[in-house]
Each structure stands twice: as structure tokens, then as C-alpha cells.
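Trainee: Structure file target.cif (mmCIF, C-alpha atoms and all ligand atoms; chains and numbers go by the auth columns) right here:
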data_start
#
loop_
_atom_site.group_PDB
_atom_site.id
_atom_site.type_symbol
_atom_site.label_atom_id
_atom_site.label_comp_id
_atom_site.label_asym_id
_atom_site.label_seq_id
_atom_site.Cartn_x
_atom_site.Cartn_y
_atom_site.Cartn_z
_atom_site.B_iso_or_equiv
_atom_site.auth_seq_id
_atom_site.auth_asym_id
ATOM 1 C CA MET A 1 114.056 137.680 119.684 0.00 1 G
ATOM 2 C CA TYR A 2 117.570 138.344 118.298 0.00 2 G
ATOM 3 C CA LYS A 3 118.884 138.868 121.789 0.00 3 G
ATOM 4 C CA PHE A 4 117.543 135.456 122.647 0.00 4 G
ATOM 5 C CA ILE A 5 119.119 133.858 119.580 0.00 5 G
ATOM 6 C CA GLY A 6 122.407 135.525 120.416 0.00 6 G
ATOM 7 C CA ARG A 7 122.278 134.084 123.931 0.00 7 G
ATOM 8 C CA LEU A 8 121.409 130.689 122.553 0.00 8 G
ATOM 9 C CA ILE A 9 124.315 130.655 120.112 0.00 9 G
ATOM 10 C CA GLN A 10 126.565 131.737 122.943 0.00 10 G
ATOM 11 C CA ALA A 11 125.261 128.897 125.109 0.00 11 G
ATOM 12 C CA MET A 12 125.772 126.431 122.272 0.00 12 G
ATOM 13 C CA ALA A 13 129.305 127.661 121.772 0.00 13 G
ATOM 14 C CA LEU A 14 129.968 126.979 125.436 0.00 14 G
ATOM 15 C CA THR A 15 128.694 123.378 125.380 0.00 15 G
ATOM 16 C CA SER A 16 131.658 121.125 125.838 0.00 16 G
ATOM 17 C CA SER A 17 132.266 119.521 122.479 0.00 17 G
ATOM 18 C CA ARG A 18 131.646 120.257 118.837 0.00 18 G
ATOM 19 C CA LYS A 19 129.871 116.922 118.531 0.00 19 G
ATOM 20 C CA GLN A 20 127.426 117.889 121.285 0.00 20 G
ATOM 21 C CA ARG A 21 126.754 121.256 119.684 0.00 21 G
ATOM 22 C CA LEU A 22 126.075 119.733 116.285 0.00 22 G
ATOM 23 C CA SER A 23 123.829 117.044 117.723 0.00 23 G
ATOM 24 C CA LEU A 24 121.501 119.765 119.017 0.00 24 G
ATOM 25 C CA ILE A 25 120.826 120.952 115.481 0.00 25 G
ATOM 26 C CA SER A 26 120.920 117.537 113.808 0.00 26 G
ATOM 27 C CA PRO A 27 117.523 116.149 112.863 0.00 27 G
ATOM 28 C CA ASN A 28 116.846 112.426 113.273 0.00 28 G
ATOM 29 C CA GLU A 29 115.529 112.419 109.710 0.00 29 G
ATOM 30 C CA THR A 30 115.658 114.767 106.736 0.00 30 G
ATOM 31 C CA VAL A 31 113.037 114.562 103.977 0.00 31 G
ATOM 32 C CA ASN A 32 112.251 116.531 100.844 0.00 32 G
ATOM 33 C CA SER A 33 108.567 116.747 101.629 0.00 33 G
ATOM 34 C CA LEU A 34 106.015 115.654 104.204 0.00 34 G
ATOM 35 C CA SER A 35 104.779 112.924 101.858 0.00 35 G
ATOM 36 C CA GLU A 36 108.105 111.095 102.355 0.00 36 G
ATOM 37 C CA ILE A 37 107.522 110.616 106.067 0.00 37 G
ATOM 38 C CA ASP A 38 106.654 106.991 106.832 0.00 38 G
ATOM 39 C CA LEU A 39 103.832 107.520 109.315 0.00 39 G
ATOM 40 C CA LYS A 40 103.064 103.802 109.637 0.00 40 G
ATOM 41 C CA ALA A 41 106.654 102.872 110.457 0.00 41 G
ATOM 42 C CA LEU A 42 106.840 105.684 113.005 0.00 42 G
ATOM 43 C CA TYR A 43 103.594 104.512 114.570 0.00 43 G
ATOM 44 C CA LEU A 44 105.105 101.025 114.917 0.00 44 G
ATOM 45 C CA ALA A 45 108.081 102.734 116.563 0.00 45 G
ATOM 46 C CA LYS A 46 105.622 103.973 119.224 0.00 46 G
ATOM 47 C CA LYS A 47 105.253 107.524 117.983 0.00 47 G
ATOM 48 C CA ARG A 48 101.787 108.870 118.734 0.00 48 G
ATOM 49 C CA GLY A 49 102.005 112.627 118.366 0.00 49 G
ATOM 50 C CA ILE A 50 103.281 115.302 116.016 0.00 50 G
ATOM 51 C CA ILE A 51 104.336 118.836 116.848 0.00 51 G
ATOM 52 C CA LEU A 52 104.016 120.489 113.467 0.00 52 G
ATOM 53 C CA ASP A 53 105.449 123.786 112.218 0.00 53 G
ATOM 54 C CA LEU A 54 103.310 126.112 110.121 0.00 54 G
ATOM 55 C CA ASP A 55 105.242 128.525 107.865 0.00 55 G
ATOM 56 C CA ASN A 56 106.990 126.876 104.950 0.00 56 G
ATOM 57 C CA THR A 57 106.165 123.445 106.385 0.00 57 G
ATOM 58 C CA ILE A 58 102.393 123.248 105.781 0.00 58 G
ATOM 59 C CA THR A 59 101.610 126.695 104.340 0.00 59 G
ATOM 60 C CA PRO A 60 103.686 129.097 102.246 0.00 60 G
ATOM 61 C CA TRP A 61 105.044 131.862 104.467 0.00 61 G
ATOM 62 C CA ASN A 62 102.406 134.191 105.890 0.00 62 G
ATOM 63 C CA GLN A 63 99.523 132.506 104.024 0.00 63 G
ATOM 64 C CA TYR A 64 96.359 130.685 105.003 0.00 64 G
ATOM 65 C CA LYS A 65 96.276 128.056 102.272 0.00 65 G
ATOM 66 C CA VAL A 66 97.534 124.626 103.371 0.00 66 G
ATOM 67 C CA ASN A 67 99.733 123.001 100.716 0.00 67 G
ATOM 68 C CA HIS A 68 98.076 119.894 99.191 0.00 68 G
ATOM 69 C CA LYS A 69 100.835 117.489 100.263 0.00 69 G
ATOM 70 C CA ALA A 70 100.630 118.902 103.767 0.00 70 G
ATOM 71 C CA HIS A 71 96.853 118.535 103.721 0.00 71 G
ATOM 72 C CA ASN A 72 97.206 114.856 102.764 0.00 72 G
ATOM 73 C CA PHE A 73 99.862 114.367 105.422 0.00 73 G
ATOM 74 C CA ILE A 74 97.638 115.806 108.176 0.00 74 G
ATOM 75 C CA HIS A 75 94.666 113.812 106.939 0.00 75 G
ATOM 76 C CA ASN A 76 96.659 110.536 106.874 0.00 76 G
ATOM 77 C CA ALA A 77 98.199 111.172 110.273 0.00 77 G
ATOM 78 C CA LEU A 78 94.794 111.826 111.852 0.00 78 G
ATOM 79 C CA GLN A 79 93.416 108.666 110.257 0.00 79 G
ATOM 80 C CA LEU A 80 96.284 106.682 111.755 0.00 80 G
ATOM 81 C CA LYS A 81 95.209 108.147 115.128 0.00 81 G
ATOM 82 C CA TYR A 82 98.157 110.460 115.583 0.00 82 G
ATOM 83 C CA LYS A 83 97.545 113.528 117.680 0.00 83 G
ATOM 84 C CA ILE A 84 98.810 116.752 116.085 0.00 84 G
ATOM 85 C CA CYS A 85 99.591 120.117 117.672 0.00 85 G
ATOM 86 C CA LEU A 86 100.557 123.127 115.557 0.00 86 G
ATOM 87 C CA LEU A 87 103.483 125.067 116.963 0.00 87 G
ATOM 88 C CA SER A 88 104.333 128.341 115.293 0.00 88 G
ATOM 89 C CA ASN A 89 106.085 131.623 115.825 0.00 89 G
ATOM 90 C CA ALA A 90 103.301 133.150 113.722 0.00 90 G
ATOM 91 C CA SER A 91 100.350 135.098 115.138 0.00 91 G
ATOM 92 C CA ARG A 92 97.545 133.540 117.150 0.00 92 G
ATOM 93 C CA VAL A 93 95.000 134.654 114.573 0.00 93 G
ATOM 94 C CA ARG A 94 96.579 132.911 111.601 0.00 94 G
ATOM 95 C CA THR A 95 97.786 129.827 113.498 0.00 95 G
ATOM 96 C CA GLY A 96 94.362 129.501 115.155 0.00 96 G
ATOM 97 C CA LYS A 97 92.507 129.715 111.854 0.00 97 G
ATOM 98 C CA ILE A 98 94.607 126.979 110.275 0.00 98 G
ATOM 99 C CA ALA A 99 94.382 124.784 113.389 0.00 99 G
ATOM 100 C CA LYS A 100 90.609 125.146 113.284 0.00 100 G
ATOM 101 C CA LEU A 101 90.462 123.667 109.764 0.00 101 G
ATOM 102 C CA TYR A 102 91.535 120.329 111.246 0.00 102 G
ATOM 103 C CA ASN A 103 90.309 120.872 114.774 0.00 103 G
ATOM 104 C CA LEU A 104 93.870 120.780 116.140 0.00 104 G
ATOM 105 C CA PRO A 105 95.292 122.268 119.320 0.00 105 G
ATOM 106 C CA TYR A 106 97.982 124.893 118.751 0.00 106 G
ATOM 107 C CA VAL A 107 100.614 127.061 120.376 0.00 107 G
ATOM 108 C CA ALA A 108 101.230 130.363 118.552 0.00 108 G
ATOM 109 C CA ALA A 109 103.612 133.309 118.927 0.00 109 G
ATOM 110 C CA ALA A 110 105.933 130.674 120.317 0.00 110 G
ATOM 111 C CA PHE A 111 109.439 132.123 119.944 0.00 111 G
ATOM 112 C CA LYS A 112 110.882 128.746 119.044 0.00 112 G
ATOM 113 C CA PRO A 113 113.411 127.341 119.972 0.00 113 G
ATOM 114 C CA ARG A 114 112.405 128.335 123.504 0.00 114 G
ATOM 115 C CA LYS A 115 111.608 125.198 125.489 0.00 115 G
ATOM 116 C CA LYS A 116 108.375 126.420 127.024 0.00 116 G
ATOM 117 C CA PRO A 117 106.169 126.409 123.914 0.00 117 G
ATOM 118 C CA PHE A 118 107.399 122.912 123.038 0.00 118 G
ATOM 119 C CA GLN A 119 106.500 121.777 126.542 0.00 119 G
ATOM 120 C CA GLN A 120 103.076 123.413 126.175 0.00 120 G
ATOM 121 C CA ALA A 121 102.559 121.499 122.932 0.00 121 G
ATOM 122 C CA LEU A 122 103.493 118.226 124.672 0.00 122 G
ATOM 123 C CA GLN A 123 100.953 119.014 127.376 0.00 123 G
ATOM 124 C CA LEU A 124 98.239 119.737 124.836 0.00 124 G
ATOM 125 C CA LEU A 125 98.993 116.413 123.155 0.00 125 G
ATOM 126 C CA ASN A 126 99.033 114.717 126.553 0.00 126 G
ATOM 127 C CA LEU A 127 101.980 112.570 125.445 0.00 127 G
ATOM 128 C CA GLU A 128 105.543 111.913 126.617 0.00 128 G
ATOM 129 C CA ASN A 129 108.458 113.383 124.656 0.00 129 G
ATOM 130 C CA ASN A 130 109.607 109.972 123.387 0.00 130 G
ATOM 131 C CA GLU A 131 106.179 109.459 121.779 0.00 131 G
ATOM 132 C CA VAL A 132 106.280 112.714 119.838 0.00 132 G
ATOM 133 C CA MET A 133 108.026 113.892 116.696 0.00 133 G
ATOM 134 C CA VAL A 134 108.739 117.511 115.883 0.00 134 G
ATOM 135 C CA ILE A 135 108.475 118.348 112.186 0.00 135 G
ATOM 136 C CA GLY A 136 109.580 121.628 110.626 0.00 136 G
ATOM 137 C CA ASP A 137 111.694 123.366 108.008 0.00 137 G
ATOM 138 C CA GLN A 138 114.214 125.209 110.201 0.00 138 G
ATOM 139 C CA LEU A 139 117.241 123.895 112.058 0.00 139 G
ATOM 140 C CA PHE A 140 117.469 126.716 114.588 0.00 140 G
ATOM 141 C CA THR A 141 113.821 126.794 115.583 0.00 141 G
ATOM 142 C CA ASP A 142 112.064 123.476 114.926 0.00 142 G
ATOM 143 C CA ILE A 143 114.962 121.018 115.111 0.00 143 G
ATOM 144 C CA LEU A 144 116.890 122.743 117.873 0.00 144 G
ATOM 145 C CA GLY A 145 113.723 123.153 119.965 0.00 145 G
ATOM 146 C CA GLY A 146 112.621 119.560 119.361 0.00 146 G
ATOM 147 C CA ASN A 147 116.042 118.173 120.244 0.00 147 G
ATOM 148 C CA ARG A 148 116.148 120.263 123.404 0.00 148 G
ATOM 149 C CA ILE A 149 113.074 118.454 124.713 0.00 149 G
ATOM 150 C CA ASN A 150 114.308 115.076 123.390 0.00 150 G
ATOM 151 C CA CYS A 151 111.676 114.506 120.753 0.00 151 G
ATOM 152 C CA TYR A 152 112.282 112.727 117.455 0.00 152 G
ATOM 153 C CA THR A 153 113.004 115.496 114.926 0.00 153 G
ATOM 154 C CA ILE A 154 112.300 115.592 111.196 0.00 154 G
ATOM 155 C CA LEU A 155 113.569 118.381 108.946 0.00 155 G
ATOM 156 C CA VAL A 156 111.573 119.039 105.757 0.00 156 G
ATOM 157 C CA ASN A 157 112.566 121.205 102.831 0.00 157 G
ATOM 158 C CA PRO A 158 110.861 124.614 103.001 0.00 158 G
ATOM 159 C CA LEU A 159 107.820 124.943 100.716 0.00 159 G
ATOM 160 C CA GLU A 160 108.856 128.264 99.214 0.00 160 G
ATOM 161 C CA GLU A 161 111.743 130.684 98.999 0.00 161 G
ATOM 162 C CA LYS A 162 109.660 133.611 100.189 0.00 162 G
ATOM 163 C CA GLU A 163 109.958 134.200 103.918 0.00 163 G
ATOM 164 C CA PHE A 164 110.404 136.510 106.848 0.00 164 G
ATOM 165 C CA ILE A 165 113.655 138.508 106.683 0.00 165 G
ATOM 166 C CA GLY A 166 114.729 137.097 110.076 0.00 166 G
ATOM 167 C CA THR A 167 114.271 133.602 108.698 0.00 167 G
ATOM 168 C CA LYS A 168 116.463 134.458 105.728 0.00 168 G
ATOM 169 C CA LEU A 169 119.257 135.414 108.084 0.00 169 G
ATOM 170 C CA MET A 170 118.810 132.170 109.998 0.00 170 G
ATOM 171 C CA ARG A 171 119.035 130.161 106.773 0.00 171 G
ATOM 172 C CA MET A 172 122.408 131.745 106.003 0.00 172 G
ATOM 173 C CA LEU A 173 123.527 130.619 109.424 0.00 173 G
ATOM 174 C CA GLU A 174 122.030 127.149 108.872 0.00 174 G
ATOM 175 C CA LYS A 175 124.101 126.688 105.731 0.00 175 G
ATOM 176 C CA ALA A 176 127.228 126.918 107.815 0.00 176 G
ATOM 177 C CA PHE A 177 126.034 123.954 109.878 0.00 177 G
ATOM 178 C CA ARG A 178 124.711 121.641 107.155 0.00 178 G
HETATM 179 MG MG MG B . 108.803 127.150 109.348 0.00 1 U
#
Kindly transcribe the structure held in the file into C-alpha cells.
Ligand SMILES: [Mg+2]
Mentor:
Amino acid sequence: MYKFIGRLIQAMALTSSRKQRLSLISPNETVNSLSEIDLKALYLAKKRGIILDLDNTITPWNQYKVNHKAHNFIHNALQLKYKICLLSNASRVRTGKIAKLYNLPYVAAAFKPRKKPFQQALQLLNLENNEVMVIGDQLFTDILGGNRINCYTILVNPLEEKEFIGTKLMRMLEKAFR
């Protein structure tokens, strides 16, 4: 995983301009919480699908309980006829259990920001990249991965401070780019 991230940072450093590099980790929108996302407006803008992160976006890190705002968000999105696919670096067991609560497709153990799992999620949604938004709490996994496949990207504030040690390191790195 860290080898991969190292390669990725190297590749980003080699992209021609600073502007280009920053655009890869710049979300289209930044919100404090999922409840701030205007699902109706996005639907009018032809968005039909959501690739949704798990840890610290809809559940506290490494937990099964979906946060109440996230629960309402998923419920509203499904009512508006959005398709949702969970995409997480977490285990199949936990991701699968949470996906099952809402009967959602999912891609787990994804190693975001690799492109492949994002492409798998698009396939499961059966939608084109310009119809899909990627929502998550991390610049270097969710936003970078979503931008790499040209989806609309939305960064949300993480639900809790508690997280995987690797994520903590990534956040320190993120601060340098915000
Ligand atoms: Mg996350």
C-alpha cells in the first residue's frame, strides 16, 4: 500500500504543472456534512449515481453503526432514485454488512485511489462517469481516485478523529495541500 502511494506521489510530482497536480486532489465541492449536499440540484445536473466511502464518511472508523445524518442521506438519495455503490478500503465482511442494510452493491478492500475499484463501482452502478459523484472524507483516496476517473467529487469532513494510523499520516500530508 505505501509503496503504491509512494509511486503515486512520484507520478503526481512528475505531472507537468503544479496546477495540474493540485487539480487531481481538488474536490468539485467541499461540505461539512452529507446533509449539506443538494441531491435535488445534482439530480437536475444529470447526476444519477453515488460512489460512497465508508469509514469516517458514513460510519465512524472501523464500526458498523451508520451515522444518523448519513442514514438520512442514503435514504433520501435512494428515494430520489439515485443508485449508490459503497467503495471502501475496509474489509469485505464489514463493507458487505453495511451495504446489506440498504441493499447496495459494494467494492471492498479497494486500495483507493487505484483506478480499478472505481471502475468496478461504475460498472456495478451501470452508469457513465459524468453521471456519478464520488463522496468521501479523504483527498488522497476518495477525491484523487474520483478525479482520476473524471467523476464529480465531493469532500466531506470526517465524522470522527479516531482512525487508522495510515490515514493519520495521510491527513498530515493532506494539510500541506489544503
Ligand atoms: Mg474514509
Trainee: Show me, as a tab-separated table, the residues of chain G having an atom within 12 Å of ligand MG 1 (chain U), each with the closest atom pair and its distance in Å, using only C-alpha atoms and all ligand atoms.
Mentor:
residue	atom	partner	partner_atom	distance
G:Leu52	CA	U:MG1	MG	9.2
G:Asp53	CA	U:MG1	MG	5.6
G:Leu54	CA	U:MG1	MG	5.6
G:Asp55	CA	U:MG1	MG	4.1
G:Asn56	CA	U:MG1	MG	4.8
G:Thr57	CA	U:MG1	MG	5.4
G:Ile58	CA	U:MG1	MG	8.3
G:Thr59	CA	U:MG1	MG	8.8
G:Pro60	CA	U:MG1	MG	9.0
G:Trp61	CA	U:MG1	MG	7.8
G:Asn62	CA	U:MG1	MG	10.1
G:Gln63	CA	U:MG1	MG	12.0
G:Leu86	CA	U:MG1	MG	11.1
G:Leu87	CA	U:MG1	MG	9.5
G:Ser88	CA	U:MG1	MG	7.5
G:Asn89	CA	U:MG1	MG	8.3
G:Ala90	CA	U:MG1	MG	9.2
G:Ala110	CA	U:MG1	MG	11.9
G:Phe111	CA	U:MG1	MG	11.7
G:Lys112	CA	U:MG1	MG	10.0
G:Pro113	CA	U:MG1	MG	11.6
G:Val134	CA	U:MG1	MG	11.6
G:Ile135	CA	U:MG1	MG	9.3
G:Gly136	CA	U:MG1	MG	5.7
G:Asp137	CA	U:MG1	MG	4.9
G:Gln138	CA	U:MG1	MG	5.8
G:Leu139	CA	U:MG1	MG	9.4
G:Phe140	CA	U:MG1	MG	10.1
G:Thr141	CA	U:MG1	MG	8.0
G:Asp142	CA	U:MG1	MG	7.4
G:Ile143	CA	U:MG1	MG	10.4
G:Leu155	CA	U:MG1	MG	10.0
G:Val156	CA	U:MG1	MG	9.3
G:Asn157	CA	U:MG1	MG	9.6
G:Pro158	CA	U:MG1	MG	7.1
G:Leu159	CA	U:MG1	MG	9.0
G:Glu160	CA	U:MG1	MG	10.2
G:Glu161	CA	U:MG1	MG	11.3
G:Lys162	CA	U:MG1	MG	11.2
G:Glu163	CA	U:MG1	MG	9.0
G:Phe164	CA	U:MG1	MG	9.8
G:Gly166	CA	U:MG1	MG	11.6
G:Thr167	CA	U:MG1	MG	8.5
G:Lys168	CA	U:MG1	MG	11.2
G:Met170	CA	U:MG1	MG	11.2
G:Arg171	CA	U:MG1	MG	11.0
Trainee: As a VMD selection string, please: the residues near G:Asn130 (cut-off 10 Å, all atoms listed in the file, same-chain neighbours under 3 positions excluded).
Mentor: chain G and resid 46 to 49 127 133 149 to 152
Trainee: Can you measure atom CA of G:Lys115 to atom CA of G:Leu144 for me? One decimal in Å is fine.
Mentor: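 A separation of 9.6 Å between them.
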Trainee: In the coordinates of the file, take the point (94.3, 127.6, 115.8) and a cut-off of 10 Å; then, counting all atoms listed in the file, name each qualifying protein, DNA or RNA residue as a list in words.
Mentor: Cys85, Leu86, Leu87, Ser91, Arg92, Val93, Arg94, Thr95, Gly96, Lys97, Ile98, Ala99, Lys100, Leu101, Tyr102, Asn103, Leu104, Pro105, Tyr106, Val107 and Ala108 of chain G
Trainee: Can you work out which one of G:Ile84, G:Leu44, G:Ile50, G:Leu34 has the shortest atom-to-atom distance to G:Asn72, counting all atoms listed in the file?
Mentor: G:Leu34
Trainee: Grab the atom CA of G:Asn147 to atom CA of G:Leu24 distance for me, in Å with one decimal place.
Mentor: 5.8 Å
Trainee: State, in Å with one decimal place, the distance from atom CA of G:Ile25 to atom CA of G:Thr153.
Mentor: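 Atom-to-atom, atom CA of G:Ile25 to atom CA of G:Thr153, that is 9.6 Å.
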Trainee: Using the incomplete input, complete stretch 26-42 of chain G to the level of N, CA and C atoms; output as a short mmCIF file (atom, residue, chain, number, x, y, z; two decimals), in the frame of the given file.
Mentor:
data_model
loop_
_atom_site.label_atom_id
_atom_site.label_comp_id
_atom_site.auth_asym_id
_atom_site.auth_seq_id
_atom_site.Cartn_x
_atom_site.Cartn_y
_atom_site.Cartn_z
N SER G 26 121.00 118.63 114.79
CA SER G 26 120.92 117.54 113.81
C SER G 26 119.57 116.85 113.92
N PRO G 27 118.80 116.85 112.82
CA PRO G 27 117.52 116.15 112.86
C PRO G 27 117.74 114.63 112.84
N ASN G 28 116.78 113.89 113.37
CA ASN G 28 116.85 112.43 113.27
C ASN G 28 116.62 111.98 111.83
N GLU G 29 115.83 112.75 111.11
CA GLU G 29 115.53 112.42 109.71
C GLU G 29 115.47 113.70 108.91
N THR G 30 115.84 113.63 107.64
CA THR G 30 115.66 114.77 106.74
C THR G 30 114.90 114.27 105.52
N VAL G 31 113.84 114.98 105.14
CA VAL G 31 113.04 114.56 103.98
C VAL G 31 112.81 115.76 103.06
N ASN G 32 112.55 115.45 101.79
CA ASN G 32 112.25 116.53 100.84
C ASN G 32 110.87 117.12 101.07
N SER G 33 109.92 116.24 101.39
CA SER G 33 108.57 116.75 101.63
C SER G 33 107.85 115.86 102.64
N LEU G 34 106.77 116.38 103.18
CA LEU G 34 106.02 115.65 104.20
C LEU G 34 105.55 114.29 103.71
N SER G 35 105.30 114.19 102.39
CA SER G 35 104.78 112.92 101.86
C SER G 35 105.80 111.80 101.97
N GLU G 36 107.07 112.13 102.21
CA GLU G 36 108.10 111.10 102.36
C GLU G 36 108.17 110.50 103.77
N ILE G 37 107.45 111.10 104.68
CA ILE G 37 107.52 110.62 106.07
C ILE G 37 106.69 109.34 106.21
N ASP G 38 107.32 108.29 106.71
CA ASP G 38 106.65 106.99 106.83
C ASP G 38 105.87 106.93 108.16
N LEU G 39 104.65 107.42 108.10
CA LEU G 39 103.83 107.52 109.32
C LEU G 39 103.54 106.16 109.94
N LYS G 40 103.36 105.14 109.10
CA LYS G 40 103.06 103.80 109.64
C LYS G 40 104.26 103.24 110.39
N ALA G 41 105.44 103.37 109.79
CA ALA G 41 106.65 102.87 110.46
C ALA G 41 106.88 103.61 111.78
N LEU G 42 106.64 104.90 111.78
CA LEU G 42 106.84 105.68 113.00
C LEU G 42 105.81 105.30 114.07
#
